[in-house]
Amino acid sequence: MKVVNIGTGYVGLNTAAALAWIGHDVACVDIDESKINSLKNGVAPIREEGLDDLIKNTKIKFTTDLVEVINDAEVIFIAVGTPSLPNGHANLDYVHSAANSIGNLINPTHDVTIIVKSTVPIGVNSSIEDSIRNQVKLNNLNDSLLHFASNPEFLREGCALSDTLYPDRIVIGTNDNTAFEMMSKLYAPLVDQTFTIPDSVQPPKDRPKTYILHTNQTSAEMIKYSSNVFLALKISYINEISSLCDKLGANVDDVAKGMGLDHRIAPYFLNSGLGWGGSCFPKDTLALLQIAKDQQCDTPIIQAAWYVNEAQIDKVINKLKYEFYDLHGLNVTLFGLTFKPNTDDVRNSPAVALAKRLIELGVHVTFTDPVGLPNARKVYADEQFKFEDDPIKASLDSDCIILTTEWKQFKSLDYKAISNNMRHKFMIDARHYLNSEYINDVGIKYIKL
């Protein structure tokens with residue numbers, strides 16, 4: 001099928017690469033010329049396992065000109081960003097801009113399904129459909145060949161391409177049978193796993209069969225928000241339990257393991273620590289809170305999850321104050337800057353939030369991270385952070401190391417050399433990730449958050 005994808009971020013680019021790999025004719029459109037030029041050279045502007053390889057080994061067309069490709073398309077994805085506004089609502093400017101471009105430029109001569117893959121508030125899919133249909137009619141064209149659907153993404157940064165190629169479920173929100181049939185055809189190779197497995201993106205073990213869920217647009221929109229916020233709730237819940245474990249002398253890692261062995265609960269997202277961040281959980285939690293507020297619906301559980309997550313920074317500060325009392329003038333090294341491992345995304349990272357609080361308290365902060373520093377040097381150029389590529393050098397004269405991102409590289413470091421470099425030998429493992437016996441054996445006082 002001929003596919004046009006508007007947007008080349010995490011969602012758009014991984015979707016395009018996967019669809020091209022399984023045999024579809026894909027074009028990617030973005031207004032950012034530097035992104036498009038980079039992609040034409042086979043280099044993705046984001047870090048995802050196997051993505052560069054698929055881009056180089058498929059025939060995706062990259063362009064800034066929607067006119068070139070729109071009227072050949074059978075399927076058009078809107079996969080642009082919906083960042084948070086200051087009031088918590090989703091910023092829909094990019095979505096509406098994409099919809100306006102489609103409405104102004106499309107001349108339907110065959111069935112075309114327009115799919116919103118961006119995460120949008122309840123009712124936006126319907127308004128986009130109305131907007132595009134109205135514009136097409138104003139252009140004196142026939143809108144009867146246009147079909148619409150909501151198709152939320154459930155991708156995890158760092159393994160987004162794997163999640164696209166080997167999905168556990170595909171949600172198709174539409175009341176239009178033609179749209180559902182076209183999307184079922186589009187995704188059939190993923191559902192049936194009839195494509196050649198790429199060497200760079202192997203399937204996960206024990207992957208369940210992909211389930212296609214057919215809903216209306218509103219339910220599809222709600223499934224996306226509800227899923228992300230529920231995962232955020234799980235993290236906040238175990239962090240709250242962690243605080244109680246500290247008081248009672250229980251081991252929260254053992255508690256989480258014992259909970260996760262119950263198949264009704266499952267072990268995923270029960271890792272206590274610094275809390276959730278990134279481009280999805282904070283944005284979607286705030287958006288759902290605002291949607292509920294607009295509907296005059298109380299959501300105390302979701303509100304509590306937000307407050308618990310924010311309080312994780314305070315827990316780190318309190319442990320530092322217990323060790324040092326006066327934090328002014330301390331040198332603190334943060335091991336990890338990205339909001340999670342296996343990505344170079346530094347947006348809404350809890351590590352950055354912690355660093356800003358430490359600087360307010362007079363602390364000197366140095367960051368080290370395996371892949372996040374190039375982005376961070378640009379994004380946080382105006383902050384008072386120091387950046388050091390070498391973790392051993394970053395620990396020089398450090399009073400405390402805080403593990404803030406569970407990169408596997410941090411497990412294999414020479415902590416004896418790091419200990420020798422430190423001025424005060426103290427570490428807070430804010431991700432419950434490192435070998436406490438080894439760290440203690442080299443002379444570093446080790447505690448978990």
# chains A, B, ... in the order shown; residues from 1 in each chain; ligands from 1
call {"tool": "residues_around", "arguments": {"residues": "Pro167 of chain A", "least_positions_apart": "5", "cutoff": "12 Å", "atoms": "only C-alpha atoms", "output": "list in words"}}
result
Thr15, Ala18, Glu153, Phe154, Leu155, Arg156, Cys159, Ala160, Leu161, Ser162, Tyr187, Ala188, Pro189, Leu190, Val191, Asp192, Gln193, Pro203, Pro204, Arg207, Pro208, Lys209, Thr210, Tyr211 and Ile212 of chain A
call {"tool": "residues_around", "arguments": {"residues": "Glu74 of chain A", "least_positions_apart": "6", "cutoff": "10 Å", "atoms": "only C-alpha atoms", "output": "ChimeraX atom specification"}}
result
/A:1-4,25,108,110-114,146,182,186
call {"tool": "write_last_selection", "arguments": {"atoms": "C-alpha atoms", "output": "short mmCIF file (atom, residue, chain, number, x, y, z; two decimals), in the first residue's frame"}}
result
data_model
loop_
_atom_site.label_atom_id
_atom_site.label_comp_id
_atom_site.auth_asym_id
_atom_site.auth_seq_id
_atom_site.Cartn_x
_atom_site.Cartn_y
_atom_site.Cartn_z
CA MET A 1 0.00 0.00 0.00
CA LYS A 2 1.09 3.59 -0.59
CA VAL A 3 1.62 5.28 2.77
CA VAL A 4 2.37 8.90 3.64
CA ASP A 25 5.56 2.08 -0.32
CA PRO A 108 -9.48 12.25 -3.51
CA HIS A 110 -9.56 6.70 -4.67
CA ASP A 111 -10.23 5.46 -1.13
CA VAL A 112 -7.87 7.14 1.35
CA THR A 113 -7.75 6.47 5.09
CA ILE A 114 -6.41 9.29 7.26
CA LEU A 146 -12.05 9.84 2.60
CA MET A 182 -7.71 -0.86 4.82
CA LEU A 186 -1.90 -2.50 6.13
#
call {"tool": "select_by_dssp", "arguments": {"residues": "segment 224-441 of chain A", "states": "helix (DSSP H, G or I)", "output": "MDAnalysis selection string"}}
result
chainID A and resid 224:248 252:260 281:294 300:324 350:360 373:379 391:394 408:412 415:421 436:441
call {"tool": "closest_residue", "arguments": {"among": "A:Tyr415, A:Phe230, A:Phe180, A:Phe62", "to": "Leu39 of chain A", "atoms": "only C-alpha atoms"}}
result
A:Phe62
call {"tool": "atom_distance", "arguments": {"atom1": "atom CA of Ile302 of chain A", "atom2": "atom CA of Leu233 of chain A"}}
result
7.0 Å
call {"tool": "residues_around", "arguments": {"residues": "Thr285 of chain A", "least_positions_apart": "6", "cutoff": "9 Å", "atoms": "only C-alpha atoms", "output": "MDAnalysis selection string"}}
result
chainID A and resid 88 225:226 228:229 232 302:303 305:306
call {"tool": "closest_residue", "arguments": {"among": "A:Lys378, A:Val75, A:Leu248, A:Ile238", "to": "Pro267 of chain A", "atoms": "only C-alpha atoms"}}
result
A:Ile238
call {"tool": "closest_residue", "arguments": {"among": "A:Ile223, A:Val308, A:Val371, A:Val201", "to": "Gly173 of chain A", "atoms": "only C-alpha atoms"}}
result
A:Ile223
call {"tool": "residues_around", "arguments": {"residues": "Lys425 of chain A", "least_positions_apart": "6", "cutoff": "7 Å", "atoms": "only C-alpha atoms", "output": "number ranges by chain"}}
result
A: 399-400, 419, 443-445
call {"tool": "write_last_selection", "arguments": {"atoms": "all heavy atoms", "output": "PDB file, in the first residue's frame"}}
result
ATOM      1  N   ASP A 399      31.751  14.463  46.017  1.00  0.00           N
ATOM      2  CA  ASP A 399      31.323  14.107  47.371  1.00  0.00           C
ATOM      3  C   ASP A 399      30.249  13.026  47.355  1.00  0.00           C
ATOM      4  O   ASP A 399      30.059  12.320  48.349  1.00  0.00           O
ATOM      5  CB  ASP A 399      30.773  15.348  48.083  1.00  0.00           C
ATOM      6  CG  ASP A 399      31.860  16.386  48.318  1.00  0.00           C
ATOM      7  OD1 ASP A 399      32.787  16.096  49.088  1.00  0.00           O
ATOM      8  OD2 ASP A 399      31.771  17.475  47.716  1.00  0.00           O
ATOM      9  N   CYS A 400      29.553  12.932  46.259  1.00  0.00           N
ATOM     10  CA  CYS A 400      28.484  11.939  46.150  1.00  0.00           C
ATOM     11  C   CYS A 400      28.221  11.624  44.687  1.00  0.00           C
ATOM     12  O   CYS A 400      28.208  12.530  43.839  1.00  0.00           O
ATOM     13  CB  CYS A 400      27.201  12.465  46.803  1.00  0.00           C
ATOM     14  SG  CYS A 400      25.780  11.359  46.628  1.00  0.00           S
ATOM     15  N   SER A 419      36.289   5.286  43.434  1.00  0.00           N
ATOM     16  CA  SER A 419      36.431   5.525  44.872  1.00  0.00           C
ATOM     17  C   SER A 419      37.683   6.345  45.174  1.00  0.00           C
ATOM     18  O   SER A 419      37.654   7.283  45.991  1.00  0.00           O
ATOM     19  CB  SER A 419      36.477   4.193  45.616  1.00  0.00           C
ATOM     20  OG  SER A 419      36.680   4.394  46.995  1.00  0.00           O
ATOM     21  N   GLY A 443      34.989   0.752  49.219  1.00  0.00           N
ATOM     22  CA  GLY A 443      35.085   1.863  50.164  1.00  0.00           C
ATOM     23  C   GLY A 443      34.062   2.957  49.995  1.00  0.00           C
ATOM     24  O   GLY A 443      34.158   4.000  50.660  1.00  0.00           O
ATOM     25  N   ILE A 444      33.094   2.752  49.126  1.00  0.00           N
ATOM     26  CA  ILE A 444      32.050   3.759  48.924  1.00  0.00           C
ATOM     27  C   ILE A 444      30.817   3.372  49.736  1.00  0.00           C
ATOM     28  O   ILE A 444      30.316   2.250  49.615  1.00  0.00           O
ATOM     29  CB  ILE A 444      31.667   3.884  47.430  1.00  0.00           C
ATOM     30  CG1 ILE A 444      32.890   4.286  46.591  1.00  0.00           C
ATOM     31  CG2 ILE A 444      30.549   4.908  47.246  1.00  0.00           C
ATOM     32  CD1 ILE A 444      32.620   4.298  45.088  1.00  0.00           C
ATOM     33  N   LYS A 445      30.348   4.271  50.563  1.00  0.00           N
ATOM     34  CA  LYS A 445      29.107   4.038  51.298  1.00  0.00           C
ATOM     35  C   LYS A 445      27.947   4.073  50.312  1.00  0.00           C
ATOM     36  O   LYS A 445      27.726   5.085  49.633  1.00  0.00           O
ATOM     37  CB  LYS A 445      28.918   5.112  52.376  1.00  0.00           C
ATOM     38  CG  LYS A 445      27.647   4.930  53.197  1.00  0.00           C
ATOM     39  CD  LYS A 445      27.518   6.047  54.247  1.00  0.00           C
ATOM     40  CE  LYS A 445      26.196   5.925  55.012  1.00  0.00           C
ATOM     41  NZ  LYS A 445      26.052   7.020  56.000  1.00  0.00           N
TER      42      LYS A 445
END
call {"tool": "atom_distance", "arguments": {"atom1": "atom CA of Val26 of chain A", "atom2": "atom CA of Arg169 of chain A"}}
result
22.1 Å
call {"tool": "residues_around", "arguments": {"residues": "Val332 of chain A", "least_positions_apart": "3", "cutoff": "8 Å", "atoms": "only C-alpha atoms", "output": "list in words"}}
result
Val363, His364, Val365, Thr366, Ser398, Asp399, Cys400, Ile401 and Ile402 of chain A
call {"tool": "write_last_selection", "arguments": {"atoms": "N, CA and C atoms", "output": "PDB file, in the first residue's frame"}}
result
ATOM      1  N   VAL A 363      24.787  23.301  45.139  1.00  0.00           N
ATOM      2  CA  VAL A 363      25.587  22.122  44.800  1.00  0.00           C
ATOM      3  C   VAL A 363      26.178  22.287  43.404  1.00  0.00           C
ATOM      4  N   HIS A 364      27.404  21.811  43.215  1.00  0.00           N
ATOM      5  CA  HIS A 364      28.030  21.765  41.893  1.00  0.00           C
ATOM      6  C   HIS A 364      27.709  20.395  41.268  1.00  0.00           C
ATOM      7  N   VAL A 365      27.098  20.412  40.091  1.00  0.00           N
ATOM      8  CA  VAL A 365      26.595  19.182  39.477  1.00  0.00           C
ATOM      9  C   VAL A 365      27.367  18.852  38.211  1.00  0.00           C
ATOM     10  N   THR A 366      27.826  17.608  38.128  1.00  0.00           N
ATOM     11  CA  THR A 366      28.457  17.089  36.922  1.00  0.00           C
ATOM     12  C   THR A 366      27.659  15.893  36.424  1.00  0.00           C
ATOM     13  N   SER A 398      34.456  14.258  43.707  1.00  0.00           N
ATOM     14  CA  SER A 398      33.015  14.189  43.973  1.00  0.00           C
ATOM     15  C   SER A 398      32.766  13.813  45.431  1.00  0.00           C
ATOM     16  N   ASP A 399      31.751  14.463  46.017  1.00  0.00           N
ATOM     17  CA  ASP A 399      31.323  14.107  47.371  1.00  0.00           C
ATOM     18  C   ASP A 399      30.249  13.026  47.355  1.00  0.00           C
ATOM     19  N   CYS A 400      29.553  12.932  46.259  1.00  0.00           N
ATOM     20  CA  CYS A 400      28.484  11.939  46.150  1.00  0.00           C
ATOM     21  C   CYS A 400      28.221  11.624  44.687  1.00  0.00           C
ATOM     22  N   ILE A 401      28.025  10.358  44.411  1.00  0.00           N
ATOM     23  CA  ILE A 401      27.561   9.924  43.090  1.00  0.00           C
ATOM     24  C   ILE A 401      26.121   9.470  43.249  1.00  0.00           C
ATOM     25  N   ILE A 402      25.273   9.921  42.343  1.00  0.00           N
ATOM     26  CA  ILE A 402      23.887   9.476  42.326  1.00  0.00           C
ATOM     27  C   ILE A 402      23.627   8.784  40.997  1.00  0.00           C
TER      28      ILE A 402
END
call {"tool": "select_by_dssp", "arguments": {"residues": "segment 166-414 of chain A", "states": "strand (DSSP E or B)", "output": "PyMOL selection string"}}
result
chain A and resi 169-173+211-215+331-335+364-368+385-387+400-403
call {"tool": "write_last_selection", "arguments": {"atoms": "N, CA, C and O atoms", "output": "JSON list (two decimals), in the first residue's frame"}}
result
[["chain", "number", "residue", "atom", "x", "y", "z"],
["A", 169, "ARG", "N", -0.63, -5.42, 20.73],
["A", 169, "ARG", "CA", -1.99, -5.12, 20.27],
["A", 169, "ARG", "C", -1.95, -3.93, 19.33],
["A", 169, "ARG", "O", -1.06, -3.08, 19.39],
["A", 170, "ILE", "N", -2.93, -3.91, 18.43],
["A", 170, "ILE", "CA", -3.13, -2.80, 17.50],
["A", 170, "ILE", "C", -4.56, -2.33, 17.70],
["A", 170, "ILE", "O", -5.51, -3.10, 17.53],
["A", 171, "VAL", "N", -4.71, -1.08, 18.10],
["A", 171, "VAL", "CA", -6.03, -0.51, 18.35],
["A", 171, "VAL", "C", -6.44, 0.32, 17.14],
["A", 171, "VAL", "O", -5.72, 1.23, 16.72],
["A", 172, "ILE", "N", -7.59, -0.01, 16.56],
["A", 172, "ILE", "CA", -8.12, 0.71, 15.41],
["A", 172, "ILE", "C", -9.46, 1.31, 15.81],
["A", 172, "ILE", "O", -10.45, 0.59, 16.01],
["A", 173, "GLY", "N", -9.47, 2.63, 15.94],
["A", 173, "GLY", "CA", -10.69, 3.33, 16.36],
["A", 173, "GLY", "C", -11.40, 3.95, 15.18],
["A", 173, "GLY", "O", -10.95, 4.98, 14.67],
["A", 211, "TYR", "N", -2.99, -8.77, 18.92],
["A", 211, "TYR", "CA", -4.44, -8.69, 19.01],
["A", 211, "TYR", "C", -4.90, -7.38, 18.37],
["A", 211, "TYR", "O", -4.39, -6.31, 18.72],
["A", 212, "ILE", "N", -5.83, -7.45, 17.43],
["A", 212, "ILE", "CA", -6.42, -6.25, 16.85],
["A", 212, "ILE", "C", -7.72, -5.94, 17.59],
["A", 212, "ILE", "O", -8.62, -6.78, 17.66],
["A", 213, "LEU", "N", -7.77, -4.76, 18.16],
["A", 213, "LEU", "CA", -8.97, -4.31, 18.88],
["A", 213, "LEU", "C", -9.65, -3.22, 18.06],
["A", 213, "LEU", "O", -9.06, -2.17, 17.78],
["A", 214, "HIS", "N", -10.89, -3.49, 17.66],
["A", 214, "HIS", "CA", -11.67, -2.54, 16.86],
["A", 214, "HIS", "C", -12.62, -1.80, 17.79],
["A", 214, "HIS", "O", -13.48, -2.41, 18.43],
["A", 215, "THR", "N", -12.43, -0.48, 17.90],
["A", 215, "THR", "CA", -13.27, 0.35, 18.77],
["A", 215, "THR", "C", -13.75, 1.57, 17.99],
["A", 215, "THR", "O", -13.43, 1.74, 16.81],
["A", 331, "ASN", "N", 30.18, 18.72, 45.71],
["A", 331, "ASN", "CA", 30.31, 18.27, 44.33],
["A", 331, "ASN", "C", 29.53, 16.96, 44.18],
["A", 331, "ASN", "O", 29.85, 15.97, 44.84],
["A", 332, "VAL", "N", 28.51, 16.96, 43.34],
["A", 332, "VAL", "CA", 27.68, 15.77, 43.13],
["A", 332, "VAL", "C", 27.76, 15.36, 41.67],
["A", 332, "VAL", "O", 27.59, 16.20, 40.77],
["A", 333, "THR", "N", 28.03, 14.11, 41.44],
["A", 333, "THR", "CA", 28.09, 13.56, 40.10],
["A", 333, "THR", "C", 26.87, 12.70, 39.84],
["A", 333, "THR", "O", 26.56, 11.80, 40.63],
["A", 334, "LEU", "N", 26.19, 12.98, 38.76],
["A", 334, "LEU", "CA", 25.01, 12.20, 38.39],
["A", 334, "LEU", "C", 25.37, 11.24, 37.27],
["A", 334, "LEU", "O", 25.77, 11.66, 36.19],
["A", 335, "PHE", "N", 25.24, 9.95, 37.56],
["A", 335, "PHE", "CA", 25.47, 8.91, 36.55],
["A", 335, "PHE", "C", 24.16, 8.68, 35.80],
["A", 335, "PHE", "O", 23.29, 7.94, 36.24],
["A", 364, "HIS", "N", 27.40, 21.81, 43.21],
["A", 364, "HIS", "CA", 28.03, 21.77, 41.89],
["A", 364, "HIS", "C", 27.71, 20.39, 41.27],
["A", 364, "HIS", "O", 28.01, 19.36, 41.86],
["A", 365, "VAL", "N", 27.10, 20.41, 40.09],
["A", 365, "VAL", "CA", 26.59, 19.18, 39.48],
["A", 365, "VAL", "C", 27.37, 18.85, 38.21],
["A", 365, "VAL", "O", 27.53, 19.70, 37.33],
["A", 366, "THR", "N", 27.83, 17.61, 38.13],
["A", 366, "THR", "CA", 28.46, 17.09, 36.92],
["A", 366, "THR", "C", 27.66, 15.89, 36.42],
["A", 366, "THR", "O", 27.34, 14.99, 37.20],
["A", 367, "PHE", "N", 27.35, 15.89, 35.13],
["A", 367, "PHE", "CA", 26.64, 14.78, 34.50],
["A", 367, "PHE", "C", 27.59, 13.93, 33.68],
["A", 367, "PHE", "O", 28.50, 14.44, 33.02],
["A", 368, "THR", "N", 27.36, 12.61, 33.72],
["A", 368, "THR", "CA", 27.99, 11.72, 32.74],
["A", 368, "THR", "C", 26.91, 10.76, 32.25],
["A", 368, "THR", "O", 26.02, 10.37, 33.01],
["A", 385, "PHE", "N", 25.17, 23.13, 34.51],
["A", 385, "PHE", "CA", 25.63, 21.75, 34.59],
["A", 385, "PHE", "C", 27.02, 21.64, 33.97],
["A", 385, "PHE", "O", 27.33, 22.32, 33.00],
["A", 386, "LYS", "N", 27.81, 20.74, 34.52],
["A", 386, "LYS", "CA", 29.06, 20.34, 33.86],
["A", 386, "LYS", "C", 28.83, 18.97, 33.25],
["A", 386, "LYS", "O", 28.10, 18.15, 33.79],
["A", 387, "PHE", "N", 29.47, 18.71, 32.11],
["A", 387, "PHE", "CA", 29.31, 17.44, 31.41],
["A", 387, "PHE", "C", 30.67, 16.80, 31.23],
["A", 387, "PHE", "O", 31.64, 17.46, 30.86],
["A", 400, "CYS", "N", 29.55, 12.93, 46.26],
["A", 400, "CYS", "CA", 28.48, 11.94, 46.15],
["A", 400, "CYS", "C", 28.22, 11.62, 44.69],
["A", 400, "CYS", "O", 28.21, 12.53, 43.84],
["A", 401, "ILE", "N", 28.02, 10.36, 44.41],
["A", 401, "ILE", "CA", 27.56, 9.92, 43.09],
["A", 401, "ILE", "C", 26.12, 9.47, 43.25],
["A", 401, "ILE", "O", 25.79, 8.73, 44.16],
["A", 402, "ILE", "N", 25.27, 9.92, 42.34],
["A", 402, "ILE", "CA", 23.89, 9.48, 42.33],
["A", 402, "ILE", "C", 23.63, 8.78, 41.00],
["A", 402, "ILE", "O", 23.77, 9.39, 39.94],
["A", 403, "LEU", "N", 23.26, 7.50, 41.06],
["A", 403, "LEU", "CA", 22.89, 6.80, 39.83],
["A", 403, "LEU", "C", 21.46, 7.18, 39.49],
["A", 403, "LEU", "O", 20.51, 6.86, 40.21]]
